[in-house]
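Participant: Quick one: the structure is below, questions incoming.
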Amino acid sequence: MSELPLHGLRVLELASVLAGPQVGQFLAELGAEVLKIEPPSGDVTRTWRTAAEDPAAPVTAYFSSANWGKTSRVLDLTTEAGQIELHALAATTDIVLASYKPGDAEKLGADYPTLAAHNPRLLYGSITGYGPASARAGYDAVLQAETGFMHLNAAGPGQPSQKMPVALLDILTAHQLKEALLLALYQRERTGRGALLEVSLHDSALASLANQAASYLVTGQEPRPLGSGHPSIVPYGTVYQAADGTSLLLAVGSDGQFRQLCAVLDRPAWATDARYATNPARVAHRQELEDQLRVRLAELDGPALLHELAQRAVPAGAVRSVGEALAQPAAQPMLLPPTPTFPHSGLRTVAFRSTTWPVAASLAGPPALGKVKE
């Protein structure tokens, strides 16, 4: 761990659920010492079990998704003794991660001005739902509804809106805070000053609308739900069924790729058809092309087709389940090995690699409540 870039950095995690803990695990994977401060009842995700989980297991799958590499300490911050201990810890800490509703941190003596008074170099990362001026609590599903994601994720126009199958906005918010903290660390090296860093689920969601937001801002027209299709590229994202039952997706982003696709499908005339020869034409004739692709692909063997498309550099892939995706050889470096106290693999939050530091070979498993060391 001493070779990792954040070795020696001390982190207090006052955050719960997913966004803040994701940042905590990220810092731990890079060598930081992360102490998770929990109320006597523990992080609420310790109680979030799927029907498939052993009800007697001490750590839930959800909790394990964002809490590797940490130790846990119970502090009741509603008491004076708990606050005194927190202030003592903050005095020797580099980073605090917090996810309180506006106003709650002040009541618990865990707000930035209070902790920074004990440590002027402190970096305090605060996650809220709607920013410091709103007392509303932030819930990923609600924010997905309010920021356009559920609307766009419907199967098509007039179809029911639906949320993403993971708490995507929590994850995107975690990425925003990671970036802010790394910038603040760089600034602190130059100035010696600490900082309050604030990020909200709401703003993180809007920032992530990307081309869909730009489409509305440029045209004034509401982007319409297309299922997994793409508003400005065809064929891109639609799922097709091959003759053997393989579900596959095409992501054809250029006219050259489309010509190669037509060659593989033995339909060269499509490449010169005025309706399909260019991407703007394909977008205008989306339904006709997708109907023809659906019929043709249903006549072909999926694995053989995917192999031939790969040979011709046409972007395509089989639709895999989560288990199938994690079982792929390419996925193995992203898995954390089981530990003596947690006999299951974990998923890394660090997906980048560096030539100047190693990947953490292993981490302590997600801690039991109040567990200082594994």
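Note on naming: chains are A, B, ... as they come in the structure tokens, residues start from 1 per chain, ligands start from 1 in the order shown.
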DSSP on the backbone, strand (DSSP E or B) only: what residues of region 234-342 of chain A does that give? Format it as number ranges by chain.
Facilitator: A: 236-241, 247-251, 316-318, 335-336
Participant: Within 10 Å of region 253-260 of chain A, counting only C-alpha atoms, which residues show up once you throw out same-chain ones fewer than 5 positions away? Write them as a ChimeraX atom specification, please.
Facilitator: /A:232-236,265-272,276-280,282,309,312-315
Participant: I need the residue nearest Val283 (chain A) from this list: A:Val252, A:Ala318, A:Val264, A:Leu335. Use only C-alpha atoms for the distance.
Facilitator: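 Smallest distance to Val283 (chain A) is found for A:Val252.
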Participant: For the atom pair CA of Leu18 (chain A) and CA of Asp170 (chain A), what is the interatomic distance in Å to one decimal place?
Facilitator: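 Interatomic distance, CA of Leu18 (chain A) to CA of Asp170 (chain A): 6.3 Å.
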